[in-house]
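Source file: upload35.txt; contents: compact mmCIF, C-alpha atoms.
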# COMPACT_ATOMS: atom_id res chain seq x y z
CA MET S 1 -9.28 -41.04 -43.43
CA ARG S 2 -6.77 -40.90 -40.57
CA ARG S 3 -6.43 -37.11 -40.84
CA ARG S 4 -10.23 -36.78 -40.79
CA THR S 5 -10.40 -38.90 -37.61
CA ILE S 6 -7.74 -36.77 -35.89
CA TYR S 7 -9.52 -33.59 -37.00
CA CYS S 8 -12.80 -34.85 -35.57
CA LEU S 9 -11.13 -35.76 -32.29
CA LEU S 10 -9.64 -32.27 -32.03
CA LEU S 11 -13.04 -30.72 -32.69
CA ALA S 12 -14.52 -32.89 -29.98
CA LEU S 13 -11.81 -31.87 -27.52
CA LEU S 14 -12.04 -28.11 -28.20
CA PRO S 15 -14.98 -27.50 -25.82
CA LEU S 16 -13.09 -29.35 -23.07
CA LEU S 17 -9.88 -27.40 -23.70
CA SER S 18 -11.66 -24.05 -23.73
CA SER S 19 -13.49 -25.06 -20.57
CA CYS S 20 -10.17 -25.75 -18.83
CA ILE S 21 -8.86 -22.34 -19.86
CA ARG S 22 -11.97 -20.60 -18.57
CA GLU S 23 -11.61 -22.39 -15.24
CA GLU S 24 -8.24 -20.64 -14.80
CA GLU S 25 -9.90 -17.26 -15.20
CA PHE S 26 -12.03 -15.49 -12.62
CA SER S 27 -14.92 -13.13 -13.14
CA ASN S 28 -14.98 -9.47 -12.19
CA THR S 29 -16.84 -10.02 -8.93
CA PRO S 30 -15.64 -9.59 -5.34
CA GLN S 31 -15.08 -13.36 -5.13
CA GLY S 32 -13.40 -13.49 -8.54
CA ASN S 33 -11.00 -10.67 -7.69
CA PHE S 34 -10.20 -12.25 -4.33
CA GLU S 35 -9.42 -15.63 -5.90
CA THR S 36 -7.32 -14.02 -8.62
CA LEU S 37 -5.18 -12.14 -6.11
CA TRP S 38 -4.77 -15.17 -3.88
CA LYS S 39 -3.73 -17.30 -6.86
CA ILE S 40 -1.21 -14.72 -8.15
CA ILE S 41 0.56 -14.68 -4.81
CA ASP S 42 0.29 -18.45 -4.37
CA GLU S 43 1.98 -19.16 -7.70
CA GLN S 44 4.34 -16.22 -8.18
CA TYR S 45 5.35 -14.64 -4.85
CA CYS S 46 8.86 -15.80 -3.98
CA PHE S 47 9.02 -15.76 -0.16
CA LEU S 48 6.06 -17.87 1.00
CA ASP S 49 8.16 -20.79 2.20
CA TYR S 50 11.09 -18.66 3.38
CA LYS S 51 8.75 -16.60 5.57
CA GLN S 52 6.84 -19.75 6.60
CA ILE S 53 3.51 -18.30 5.52
CA ASP S 54 0.60 -20.74 5.30
CA TRP S 55 -1.09 -19.17 2.29
CA ASP S 56 -3.90 -21.74 2.31
CA ALA S 57 -4.75 -20.70 5.86
CA ILE S 58 -4.68 -17.05 4.78
CA HIS S 59 -7.24 -17.93 2.08
CA ASP S 60 -9.49 -19.54 4.67
CA LYS S 61 -9.12 -16.53 6.96
CA TYR S 62 -10.13 -13.87 4.43
CA GLN S 63 -12.46 -15.67 1.99
CA PRO S 64 -15.47 -15.65 4.37
CA LEU S 65 -15.20 -11.85 4.52
CA ILE S 66 -15.99 -11.56 0.80
CA THR S 67 -19.67 -10.96 0.00
CA PRO S 68 -21.34 -10.55 -3.43
CA GLY S 69 -22.64 -7.03 -2.92
CA MET S 70 -19.73 -5.53 -1.03
CA SER S 71 -18.38 -2.10 -1.96
CA ASN S 72 -15.10 -1.53 -3.79
CA ASP S 73 -13.70 0.17 -0.69
CA GLY S 74 -14.61 -2.83 1.45
CA LEU S 75 -13.06 -5.25 -1.03
CA PHE S 76 -9.92 -3.14 -1.31
CA GLU S 77 -9.49 -3.10 2.46
CA ILE S 78 -9.81 -6.87 2.77
CA LEU S 79 -7.44 -7.57 -0.12
CA GLY S 80 -4.95 -5.06 1.27
CA ASN S 81 -5.10 -6.70 4.69
CA MET S 82 -4.53 -10.10 3.13
CA LEU S 83 -1.43 -8.83 1.31
CA ALA S 84 -0.14 -7.28 4.56
CA GLU S 85 0.22 -10.83 5.91
CA LEU S 86 3.27 -11.10 3.61
CA LYS S 87 5.08 -8.36 5.59
CA ASP S 88 6.72 -7.09 2.43
CA GLY S 89 7.24 -3.45 1.43
CA HIS S 90 7.43 -4.52 -2.22
CA VAL S 91 3.82 -5.74 -2.14
CA ASN S 92 1.14 -3.25 -3.13
CA LEU S 93 -2.42 -3.18 -4.40
CA TYR S 94 -3.38 -0.22 -6.59
CA SER S 95 -6.83 1.15 -7.37
CA SER S 96 -7.72 4.51 -8.90
CA SER S 97 -8.26 5.90 -5.40
CA ASN S 98 -5.81 4.15 -3.10
CA MET S 99 -2.65 2.09 -2.68
CA ALA S 100 -2.41 -0.70 -0.12
CA ARG S 101 1.06 -0.97 1.40
CA TYR S 102 2.94 -2.53 4.32
CA TRP S 103 5.06 -0.04 6.25
CA ASP S 104 5.69 -1.82 9.55
CA TRP S 105 9.06 -3.03 8.23
CA TYR S 106 10.43 0.35 9.34
CA LEU S 107 7.74 1.96 11.49
CA ASP S 108 8.36 -0.59 14.26
CA TYR S 109 12.01 0.54 14.55
CA PRO S 110 13.74 3.72 15.76
CA ARG S 111 13.84 6.39 13.07
CA ASN S 112 17.57 7.06 13.54
CA TYR S 113 17.47 10.06 11.23
CA ASN S 114 16.87 13.78 11.60
CA GLU S 115 16.93 15.83 8.37
CA SER S 116 16.96 19.13 10.21
CA ILE S 117 20.12 18.31 12.17
CA ILE S 118 21.91 17.13 9.03
CA GLU S 119 20.93 20.21 7.04
CA ARG S 120 21.84 22.69 9.76
CA ASN S 121 24.84 21.17 11.49
CA TYR S 122 26.56 18.92 8.94
CA LEU S 123 25.75 19.99 5.39
CA GLY S 124 25.49 23.65 6.35
CA ARG S 125 24.76 26.41 3.84
CA ASP S 126 27.42 25.78 1.21
CA TYR S 127 27.13 22.09 0.46
CA ARG S 128 27.22 20.88 -3.12
CA ILE S 129 24.53 19.00 -5.03
CA ALA S 130 25.24 16.65 -7.94
CA ALA S 131 22.20 14.83 -9.30
CA GLY S 132 20.74 13.00 -6.27
CA ALA S 133 23.76 13.49 -4.00
CA LYS S 134 24.42 16.25 -1.47
CA TYR S 135 28.06 16.43 -0.37
CA THR S 136 30.53 18.46 1.67
CA ILE S 137 33.75 18.23 3.65
CA LEU S 138 33.26 18.17 7.42
CA ASP S 139 35.54 20.19 9.70
CA ASP S 140 37.67 17.14 10.58
CA ASN S 141 38.45 16.54 6.88
CA ILE S 142 35.96 13.68 6.53
CA GLY S 143 33.88 13.73 3.36
CA TYR S 144 30.13 13.44 3.70
CA VAL S 145 27.68 12.35 0.97
CA SER S 146 23.93 12.12 1.53
CA TYR S 147 22.05 10.14 -1.12
CA GLU S 148 18.34 10.26 -0.30
CA SER S 149 16.89 8.22 -3.18
CA PHE S 150 18.29 5.95 -5.87
CA SER S 151 15.39 7.11 -8.01
CA ALA S 152 17.44 10.29 -8.48
CA GLY S 153 19.76 9.46 -11.34
CA ILE S 154 23.48 9.92 -10.89
CA GLY S 155 25.86 9.70 -13.83
CA ASN S 156 29.53 8.87 -14.11
CA GLY S 157 30.29 12.54 -14.64
CA ASN S 158 28.57 13.39 -11.36
CA LEU S 159 30.53 10.70 -9.51
CA ASP S 160 33.83 11.89 -11.02
CA GLU S 161 33.18 15.41 -9.78
CA ILE S 162 32.10 14.27 -6.30
CA LEU S 163 35.06 11.99 -5.73
CA SER S 164 37.53 14.49 -7.17
CA TYR S 165 36.25 17.19 -4.81
CA LEU S 166 36.41 14.86 -1.81
CA SER S 167 39.80 13.33 -2.72
CA VAL S 168 41.58 15.51 -0.12
CA CYS S 169 39.55 13.88 2.67
CA ASN S 170 40.93 11.26 5.05
CA GLY S 171 37.76 9.18 4.90
CA LEU S 172 34.25 9.21 3.48
CA ILE S 173 30.76 8.90 4.95
CA ILE S 174 27.97 7.77 2.61
CA ASP S 175 24.61 8.38 4.26
CA VAL S 176 21.81 6.24 2.78
CA ARG S 177 19.52 6.46 5.79
CA ASN S 178 15.92 7.01 4.73
CA ASN S 179 16.82 6.09 1.15
CA GLY S 180 13.84 3.91 0.23
CA GLY S 181 15.44 2.60 -2.96
CA GLY S 182 14.79 3.31 -6.61
CA ASP S 183 16.84 2.44 -9.68
CA LEU S 184 19.23 -0.45 -9.10
CA THR S 185 21.47 0.86 -11.89
CA ASN S 186 22.24 3.98 -9.86
CA ALA S 187 23.05 1.88 -6.79
CA THR S 188 25.42 -0.36 -8.75
CA ARG S 189 27.09 2.57 -10.54
CA PHE S 190 27.79 4.20 -7.18
CA ALA S 191 29.12 1.03 -5.53
CA ALA S 192 31.44 0.38 -8.48
CA ARG S 193 33.50 3.41 -7.40
CA PHE S 194 34.72 1.60 -4.28
CA THR S 195 36.31 -1.57 -5.62
CA ASN S 196 39.41 -2.24 -7.72
CA GLU S 197 38.45 -5.77 -8.66
CA LYS S 198 35.45 -7.86 -9.64
CA VAL S 199 33.65 -8.97 -6.47
CA LEU S 200 30.95 -11.59 -5.95
CA THR S 201 28.17 -9.83 -4.02
CA GLY S 202 25.25 -12.21 -4.30
CA TYR S 203 22.93 -14.39 -6.36
CA ILE S 204 19.50 -14.09 -7.92
CA GLN S 205 16.87 -16.76 -8.58
CA HIS S 206 13.75 -16.77 -10.75
CA LYS S 207 10.48 -18.63 -10.46
CA THR S 208 10.30 -21.59 -12.83
CA GLY S 209 6.89 -23.00 -11.88
CA LYS S 210 3.79 -22.57 -9.74
CA GLY S 211 5.15 -24.37 -6.68
CA HIS S 212 6.37 -22.31 -3.76
CA ASN S 213 9.88 -23.71 -4.18
CA ASP S 214 10.06 -23.77 -7.97
CA PHE S 215 13.17 -21.66 -8.56
CA SER S 216 16.07 -21.60 -11.00
CA ASP S 217 19.58 -22.33 -9.78
CA PRO S 218 21.16 -19.22 -8.21
CA THR S 219 22.84 -16.98 -10.79
CA PRO S 220 25.87 -15.11 -9.42
CA ILE S 221 25.91 -11.30 -9.26
CA TYR S 222 29.26 -9.51 -9.50
CA LEU S 223 30.20 -5.91 -8.82
CA GLU S 224 32.58 -4.71 -11.53
CA PRO S 225 35.00 -1.86 -10.78
CA SER S 226 34.35 1.44 -12.51
CA ASN S 227 36.65 2.44 -15.35
CA SER S 228 36.83 5.95 -13.95
CA ILE S 229 37.77 7.54 -10.60
CA ARG S 230 37.65 5.08 -7.70
CA TRP S 231 37.85 5.81 -3.97
CA GLN S 232 40.80 4.16 -2.20
CA LYS S 233 40.36 5.24 1.43
CA LYS S 234 38.05 4.19 4.26
CA VAL S 235 34.29 4.43 3.86
CA ALA S 236 31.48 4.37 6.42
CA VAL S 237 28.00 3.64 5.06
CA LEU S 238 25.21 4.90 7.35
CA THR S 239 22.01 2.84 7.45
CA ASN S 240 18.64 2.73 9.17
CA ARG S 241 15.47 0.66 8.74
CA HIS S 242 14.29 2.94 5.95
CA SER S 243 17.31 1.88 3.83
CA TYR S 244 15.26 -0.34 1.56
CA SER S 245 15.09 -2.15 -1.79
CA ALA S 246 17.84 -0.84 -4.12
CA THR S 247 19.50 0.69 -1.04
CA ASN S 248 19.51 -2.73 0.61
CA ASP S 249 21.25 -4.01 -2.53
CA PHE S 250 23.78 -1.14 -2.40
CA VAL S 251 24.58 -1.87 1.25
CA ASN S 252 24.92 -5.57 0.49
CA SER S 253 27.46 -4.82 -2.26
CA MET S 254 29.42 -2.34 -0.16
CA ARG S 255 29.82 -4.70 2.79
CA TYR S 256 31.94 -7.06 0.67
CA LEU S 257 34.53 -4.36 -0.01
CA PRO S 258 37.64 -4.26 2.21
CA ASN S 259 37.67 -0.60 3.29
CA VAL S 260 33.95 -0.32 4.10
CA ILE S 261 32.13 -0.42 7.44
CA LEU S 262 28.38 -0.20 7.99
CA VAL S 263 27.25 2.07 10.83
CA GLY S 264 23.74 2.56 12.24
CA ASP S 265 20.75 0.25 12.28
CA LYS S 266 19.80 -2.85 10.32
CA THR S 267 18.57 -2.05 6.81
CA GLY S 268 14.90 -2.48 5.94
CA GLY S 269 15.48 -5.33 3.51
CA GLY S 270 13.31 -5.69 0.44
CA SER S 271 15.43 -8.06 -1.63
CA GLY S 272 12.73 -9.48 -3.89
CA LEU S 273 12.74 -8.18 -7.46
CA PRO S 274 9.21 -6.76 -7.96
CA PHE S 275 6.79 -7.94 -10.65
CA SER S 276 3.34 -6.61 -11.57
CA SER S 277 0.02 -8.18 -12.48
CA GLU S 278 -3.65 -7.18 -12.69
CA LEU S 279 -6.99 -8.25 -11.25
CA PRO S 280 -10.17 -8.67 -13.35
CA ASN S 281 -11.46 -5.27 -12.16
CA GLY S 282 -8.30 -3.51 -13.37
CA TRP S 283 -6.62 -3.07 -9.99
CA GLY S 284 -2.86 -3.52 -10.17
CA VAL S 285 -0.82 -5.71 -7.86
CA ARG S 286 2.93 -5.63 -7.28
CA PHE S 287 4.82 -8.38 -5.49
CA SER S 288 8.29 -9.85 -4.96
CA ALA S 289 8.97 -12.45 -7.65
CA SER S 290 12.74 -13.11 -7.72
CA PRO S 291 14.76 -13.47 -4.51
CA HIS S 292 18.17 -11.81 -4.21
CA LEU S 293 20.62 -13.69 -1.96
CA ASP S 294 23.95 -12.54 -0.55
CA ALA S 295 27.34 -13.99 -1.49
CA GLU S 296 26.82 -16.81 1.03
CA LYS S 297 23.45 -17.60 -0.63
CA GLN S 298 21.55 -16.34 2.39
CA HIS S 299 18.36 -14.28 2.12
CA ILE S 300 18.61 -10.54 2.77
CA GLU S 301 14.85 -9.93 2.56
CA PHE S 302 14.66 -8.93 6.24
CA GLY S 303 17.67 -6.59 6.12
CA ILE S 304 21.44 -6.42 6.64
CA ASP S 305 23.07 -5.95 10.03
CA PRO S 306 25.55 -3.08 10.43
CA THR S 307 29.19 -3.58 11.31
CA LYS S 308 28.64 -1.18 14.21
CA LYS S 309 25.14 -0.94 15.67
CA VAL S 310 24.33 2.62 16.72
CA ASP S 311 21.02 4.30 17.55
CA MET S 312 20.41 8.03 17.69
CA SER S 313 20.62 9.41 21.21
CA LYS S 314 17.79 11.70 22.28
CA GLU S 315 20.26 13.80 24.24
CA ASP S 316 22.41 14.19 21.14
CA GLU S 317 19.39 15.11 19.02
CA ASP S 318 18.34 17.72 21.57
CA ASN S 319 21.83 19.20 21.22
CA GLY S 320 21.80 19.10 17.41
CA VAL S 321 24.17 16.15 17.16
CA ASP S 322 23.75 13.10 14.91
CA THR S 323 24.98 10.16 16.99
CA ILE S 324 25.45 7.89 13.97
CA ILE S 325 27.48 10.42 11.97
CA GLU S 326 29.69 11.09 14.99
CA GLU S 327 30.37 7.39 15.53
CA ALA S 328 31.23 7.01 11.84
CA ARG S 329 33.68 9.91 12.09
CA ARG S 330 35.32 8.29 15.10
CA LEU S 331 35.63 4.92 13.38
CA LEU S 332 37.13 6.42 10.23
CA LYS S 333 39.89 7.98 12.31
CA VAL S 334 40.87 4.68 13.94
CA ASN S 335 43.91 3.13 12.24

Could you show the structure in this file as structure tokens?
Amino acid sequence: MRRRTIYCLLLALLPLLSSCIREEEFSNTPQGNFETLWKIIDEQYCFLDYKQIDWDAIHDKYQPLITPGMSNDGLFEILGNMLAELKDGHVNLYSSSNMARYWDWYLDYPRNYNESIIERNYLGRDYRIAAGAKYTILDDNIGYVSYESFSAGIGNGNLDEILSYLSVCNGLIIDVRNNGGGDLTNATRFAARFTNEKVLTGYIQHKTGKGHNDFSDPTPIYLEPSNSIRWQKKVAVLTNRHSYSATNDFVNSMRYLPNVILVGDKTGGGSGLPFSSELPNGWGVRFSASPHLDAEKQHIEFGIDPTKKVDMSKEDEDNGVDTIIEEARRLLKVN
């Protein structure tokens, strides 16, 4: 009799339970897609409090712009503008015809990079290419490596060959300007060639609930030394505002190593580990979900300052000279 009573109670509660579940879902309408996107960011984006963003106020700002019969293009524009309030290059909205993105994190800064000058006056005609790295020996016996994207895979065999070739050099320049990121594994594999011991380089946290500050305790991140060829001399890492995401992580790791200096501009940041979700109409959304902190447990979302701040000089550019490379060469020669 008791089991029958419990069974009847469960049957009576089922409509209520299913109703609660349906209330968490939104329909494929302009309003439903808006509310879904707002809710995803509200519950899962990891920098709302750190960036002091009033997400409720953002809802009130954009919700009145949503109308029942609006076009997909109009809806996409409004949702993209709402996401731009996060000021995060890891936040995107994807439809079959467009991708909303925030680029002001680097467009508002000096470019500090000129591919033509590097190709003509530093790499020259006979530079080497190994996977994603271009490398050569400059005329003052300083090694130069340009790594333009960590999406370009680089293996341990590539790194062995590069470092062996450059071993005669008195110092090494690693140019990651305009490297917008890519595969974190490549960044870590590269950085591991510049340390002889295990080094604490930061921490990572994960969301544990829907609240803006619901995070796990910070989990330490260590850089382990490579088991193969490792560089033992001075290194200058060149950065600009387009050094982003996995490149930001690479620069963060390198700055904790004793023989490394950072030269150029502040990196672009982008320290949140991206996660993806979907709206009722099938549009995809990507956002930062897990914050990466430095070894002092400070955020690096807005970028990492260089050891030596240097901007490109227009006069130098006009004369085919890269101001940042030249300053790095000078610093590597200082005892």

If you count only C-alpha atoms, which residues fall within 8 Å of range 223-231 of chain S, apart from same-chain ones fewer than 5 positions away, as a list in words? Asn156, Leu159, Asp160, Leu163, Ser164, Ser167, Thr188, Arg189, Ala191, Ala192, Arg193, Phe194, Thr195, Asn196, Glu197, Lys198, Val199, Leu200, Thr201 and Ser253 of chain S

Taking 5 positions as the minimum chain separation for residues in the same chain, which residues sit within 12 Å of Asp126 in chain S when counting all atoms listed in the file? Answer as a list of chain:residue names.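 Those residues are S:Glu119, S:Arg120, S:Asn121, S:Lys134, S:Tyr135, S:Thr136, S:Ile137, S:Leu138.
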
State, in Å with one decimal place, the distance from CA of Phe287 in chain S to CA of Tyr256 in chain S. 27.8 Å

Would you please work out which residue, of S:Asn213, S:Ser96, S:Ser288, S:Ser27, is nearest to Leu83 in chain S when using only C-alpha atoms?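 Smallest distance to Leu83 in chain S is found for S:Ser288.
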
I'd like to know which of S:Thr323, S:Ser146, S:Ser271, S:Asn114 is closest to Arg128 in chain S, using all atoms listed in the file.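 Of the candidates, the smallest distance to Arg128 in chain S is held by S:Ser146.
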
Which residues are near range 237-252 of chain S? Cut-off 6 Å, only C-alpha atoms, ignore same chain within fewer than 5 positions. Put them as an NGL selection string. :S and (106 or 173-182 or 184 or 187 or 262-271)

Quote the spacing between CA of Gly155 in chain S and CA of Ala130 in chain S in Å to one decimal place. 9.1 Å

Pairwise distance for CA of Asp140 in chain S and CA of Tyr165 in chain S, rounded to one decimal in Å: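 A separation of 15.5 Å between them.
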
Neighbourhood query: residues within 9 Å of (5.0, -22.2, -8.9), file coordinates, counting all atoms listed in the file; return as a ChimeraX atom specification. /S:42-46,207-215

I'd like the box whose edges run along x, y and z of the file and which contains every listed atom of range 145-149 of chain S, padded by 4 Å per side; could you state its centre and edge lengths in Å, one decimal, as JSON?
{"center_x": 22.3, "center_y": 10.3, "center_z": -0.8, "size_x": 18.8, "size_y": 12.1, "size_z": 12.7}

Step by step: start from the point (40.6, 16.0, 5.1) in the file's coordinates, keep every protein, DNA or RNA residue that has an atom no farther than 6 Å from it, count only C-alpha atoms, and write the set as a PyMOL selection string. chain S and resi 141-142+168-170

Best match for closeness to Trp38 in chain S among S:Val91, S:Leu65, S:Met82, S:Ala152, counting all atoms listed in the file: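 Selected residue with least distance to Trp38 in chain S: S:Met82.
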
Selected residue, from S:Ile304, S:Ala295, S:Ala131, S:Val145, that lies nearest to Gly171 in chain S when counting all atoms listed in the file: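 That would be S:Val145, the residue with the smallest distance to Gly171 in chain S.
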
Find the residues around Glu85 in chain S up to 10 Å (only C-alpha atoms counted), leave out those fewer than 6 positions away in its own chain, and share them as a list in words.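 Everything that qualifies: Ile53, Asp54, Trp55, Ile58 and Tyr102 of chain S.
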
Using only C-alpha atoms, can you tell me which of S:Glu161, S:Asp322, S:Asp294, S:Glu327 comes closest to Thr219 in chain S?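 Of S:Glu161, S:Asp322, S:Asp294, S:Glu327, the one nearest Thr219 in chain S, counting only C-alpha atoms, is S:Asp294.
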
Non-local contacts of range 278-286 of chain S (9 Å; all atoms listed in the file; under 6 positions in same chain excluded) as a VMD selection string: chain S and resid 25 to 29 32 to 34 36 to 37 90 to 96

Kindly indicate which residue among S:Ser277, S:Val260, S:Tyr203, S:Met312 lies nearest to Gln298 in chain S, using only C-alpha atoms for the distances. S:Tyr203

Reconstruct all heavy atoms of range 214-223 of chain S; output as a PDB file, keeping the file's coordinate frame.
ATOM      1  N   ASP S 214       9.635 -23.589  -6.582  1.00  0.00           N
ATOM      2  CA  ASP S 214      10.060 -23.770  -7.970  1.00  0.00           C
ATOM      3  C   ASP S 214      10.913 -22.581  -8.406  1.00  0.00           C
ATOM      4  O   ASP S 214      10.404 -21.561  -8.871  1.00  0.00           O
ATOM      5  CB  ASP S 214       8.850 -23.921  -8.900  1.00  0.00           C
ATOM      6  CG  ASP S 214       8.120 -25.235  -8.700  1.00  0.00           C
ATOM      7  OD1 ASP S 214       8.714 -26.149  -8.110  1.00  0.00           O
ATOM      8  OD2 ASP S 214       6.952 -25.343  -9.115  1.00  0.00           O
ATOM      9  N   PHE S 215      12.244 -22.724  -8.222  1.00  0.00           N
ATOM     10  CA  PHE S 215      13.170 -21.660  -8.560  1.00  0.00           C
ATOM     11  C   PHE S 215      14.297 -22.174  -9.447  1.00  0.00           C
ATOM     12  O   PHE S 215      14.664 -23.358  -9.400  1.00  0.00           O
ATOM     13  CB  PHE S 215      13.817 -21.065  -7.294  1.00  0.00           C
ATOM     14  CG  PHE S 215      12.863 -20.321  -6.406  1.00  0.00           C
ATOM     15  CD1 PHE S 215      12.439 -20.868  -5.201  1.00  0.00           C
ATOM     16  CD2 PHE S 215      12.396 -19.070  -6.767  1.00  0.00           C
ATOM     17  CE1 PHE S 215      11.569 -20.182  -4.377  1.00  0.00           C
ATOM     18  CE2 PHE S 215      11.523 -18.370  -5.949  1.00  0.00           C
ATOM     19  CZ  PHE S 215      11.110 -18.925  -4.754  1.00  0.00           C
ATOM     20  N   SER S 216      14.861 -21.281 -10.230  1.00  0.00           N
ATOM     21  CA  SER S 216      16.070 -21.600 -11.000  1.00  0.00           C
ATOM     22  C   SER S 216      17.255 -21.739 -10.053  1.00  0.00           C
ATOM     23  O   SER S 216      17.189 -21.336  -8.883  1.00  0.00           O
ATOM     24  CB  SER S 216      16.343 -20.492 -12.006  1.00  0.00           C
ATOM     25  OG  SER S 216      16.649 -19.274 -11.320  1.00  0.00           O
ATOM     26  N   ASP S 217      18.347 -22.313 -10.556  1.00  0.00           N
ATOM     27  CA  ASP S 217      19.580 -22.330  -9.780  1.00  0.00           C
ATOM     28  C   ASP S 217      20.049 -20.891  -9.575  1.00  0.00           C
ATOM     29  O   ASP S 217      19.822 -20.020 -10.436  1.00  0.00           O
ATOM     30  CB  ASP S 217      20.667 -23.115 -10.521  1.00  0.00           C
ATOM     31  CG  ASP S 217      20.363 -24.609 -10.573  1.00  0.00           C
ATOM     32  OD1 ASP S 217      19.641 -25.091  -9.679  1.00  0.00           O
ATOM     33  OD2 ASP S 217      20.838 -25.269 -11.517  1.00  0.00           O
ATOM     34  N   PRO S 218      20.696 -20.595  -8.451  1.00  0.00           N
ATOM     35  CA  PRO S 218      21.160 -19.220  -8.210  1.00  0.00           C
ATOM     36  C   PRO S 218      22.166 -18.763  -9.266  1.00  0.00           C
ATOM     37  O   PRO S 218      23.125 -19.470  -9.577  1.00  0.00           O
ATOM     38  CB  PRO S 218      21.828 -19.320  -6.832  1.00  0.00           C
ATOM     39  CG  PRO S 218      21.226 -20.526  -6.185  1.00  0.00           C
ATOM     40  CD  PRO S 218      20.965 -21.484  -7.310  1.00  0.00           C
ATOM     41  N   THR S 219      21.928 -17.590  -9.816  1.00  0.00           N
ATOM     42  CA  THR S 219      22.840 -16.980 -10.790  1.00  0.00           C
ATOM     43  C   THR S 219      23.690 -15.938 -10.068  1.00  0.00           C
ATOM     44  O   THR S 219      23.158 -15.051  -9.399  1.00  0.00           O
ATOM     45  CB  THR S 219      22.053 -16.290 -11.917  1.00  0.00           C
ATOM     46  OG1 THR S 219      21.241 -17.255 -12.582  1.00  0.00           O
ATOM     47  CG2 THR S 219      22.994 -15.640 -12.919  1.00  0.00           C
ATOM     48  N   PRO S 220      25.020 -16.032 -10.173  1.00  0.00           N
ATOM     49  CA  PRO S 220      25.870 -15.110  -9.420  1.00  0.00           C
ATOM     50  C   PRO S 220      25.752 -13.663  -9.909  1.00  0.00           C
ATOM     51  O   PRO S 220      25.528 -13.403 -11.093  1.00  0.00           O
ATOM     52  CB  PRO S 220      27.290 -15.647  -9.660  1.00  0.00           C
ATOM     53  CG  PRO S 220      27.193 -16.483 -10.886  1.00  0.00           C
ATOM     54  CD  PRO S 220      25.803 -17.027 -10.928  1.00  0.00           C
ATOM     55  N   ILE S 221      25.895 -12.730  -8.973  1.00  0.00           N
ATOM     56  CA  ILE S 221      25.910 -11.300  -9.260  1.00  0.00           C
ATOM     57  C   ILE S 221      27.278 -10.757  -8.856  1.00  0.00           C
ATOM     58  O   ILE S 221      27.735 -10.980  -7.728  1.00  0.00           O
ATOM     59  CB  ILE S 221      24.816 -10.556  -8.471  1.00  0.00           C
ATOM     60  CG1 ILE S 221      23.428 -11.093  -8.819  1.00  0.00           C
ATOM     61  CG2 ILE S 221      24.878  -9.057  -8.739  1.00  0.00           C
ATOM     62  CD1 ILE S 221      22.342 -10.559  -7.908  1.00  0.00           C
ATOM     63  N   TYR S 222      27.937 -10.069  -9.768  1.00  0.00           N
ATOM     64  CA  TYR S 222      29.260  -9.510  -9.500  1.00  0.00           C
ATOM     65  C   TYR S 222      29.212  -7.990  -9.579  1.00  0.00           C
ATOM     66  O   TYR S 222      28.487  -7.417 -10.399  1.00  0.00           O
ATOM     67  CB  TYR S 222      30.287 -10.029 -10.513  1.00  0.00           C
ATOM     68  CG  TYR S 222      30.582 -11.504 -10.397  1.00  0.00           C
ATOM     69  CD1 TYR S 222      29.899 -12.428 -11.180  1.00  0.00           C
ATOM     70  CD2 TYR S 222      31.543 -11.973  -9.506  1.00  0.00           C
ATOM     71  CE1 TYR S 222      30.161 -13.787 -11.081  1.00  0.00           C
ATOM     72  CE2 TYR S 222      31.814 -13.332  -9.400  1.00  0.00           C
ATOM     73  CZ  TYR S 222      31.127 -14.234 -10.188  1.00  0.00           C
ATOM     74  OH  TYR S 222      31.390 -15.575 -10.080  1.00  0.00           O
ATOM     75  N   LEU S 223      29.984  -7.349  -8.728  1.00  0.00           N
ATOM     76  CA  LEU S 223      30.200  -5.910  -8.820  1.00  0.00           C
ATOM     77  C   LEU S 223      31.496  -5.688  -9.575  1.00  0.00           C
ATOM     78  O   LEU S 223      32.561  -6.148  -9.153  1.00  0.00           O
ATOM     79  CB  LEU S 223      30.284  -5.294  -7.418  1.00  0.00           C
ATOM     80  CG  LEU S 223      30.538  -3.784  -7.371  1.00  0.00           C
ATOM     81  CD1 LEU S 223      29.359  -3.018  -7.954  1.00  0.00           C
ATOM     82  CD2 LEU S 223      30.816  -3.334  -5.928  1.00  0.00           C
TER      83      LEU S 223
END
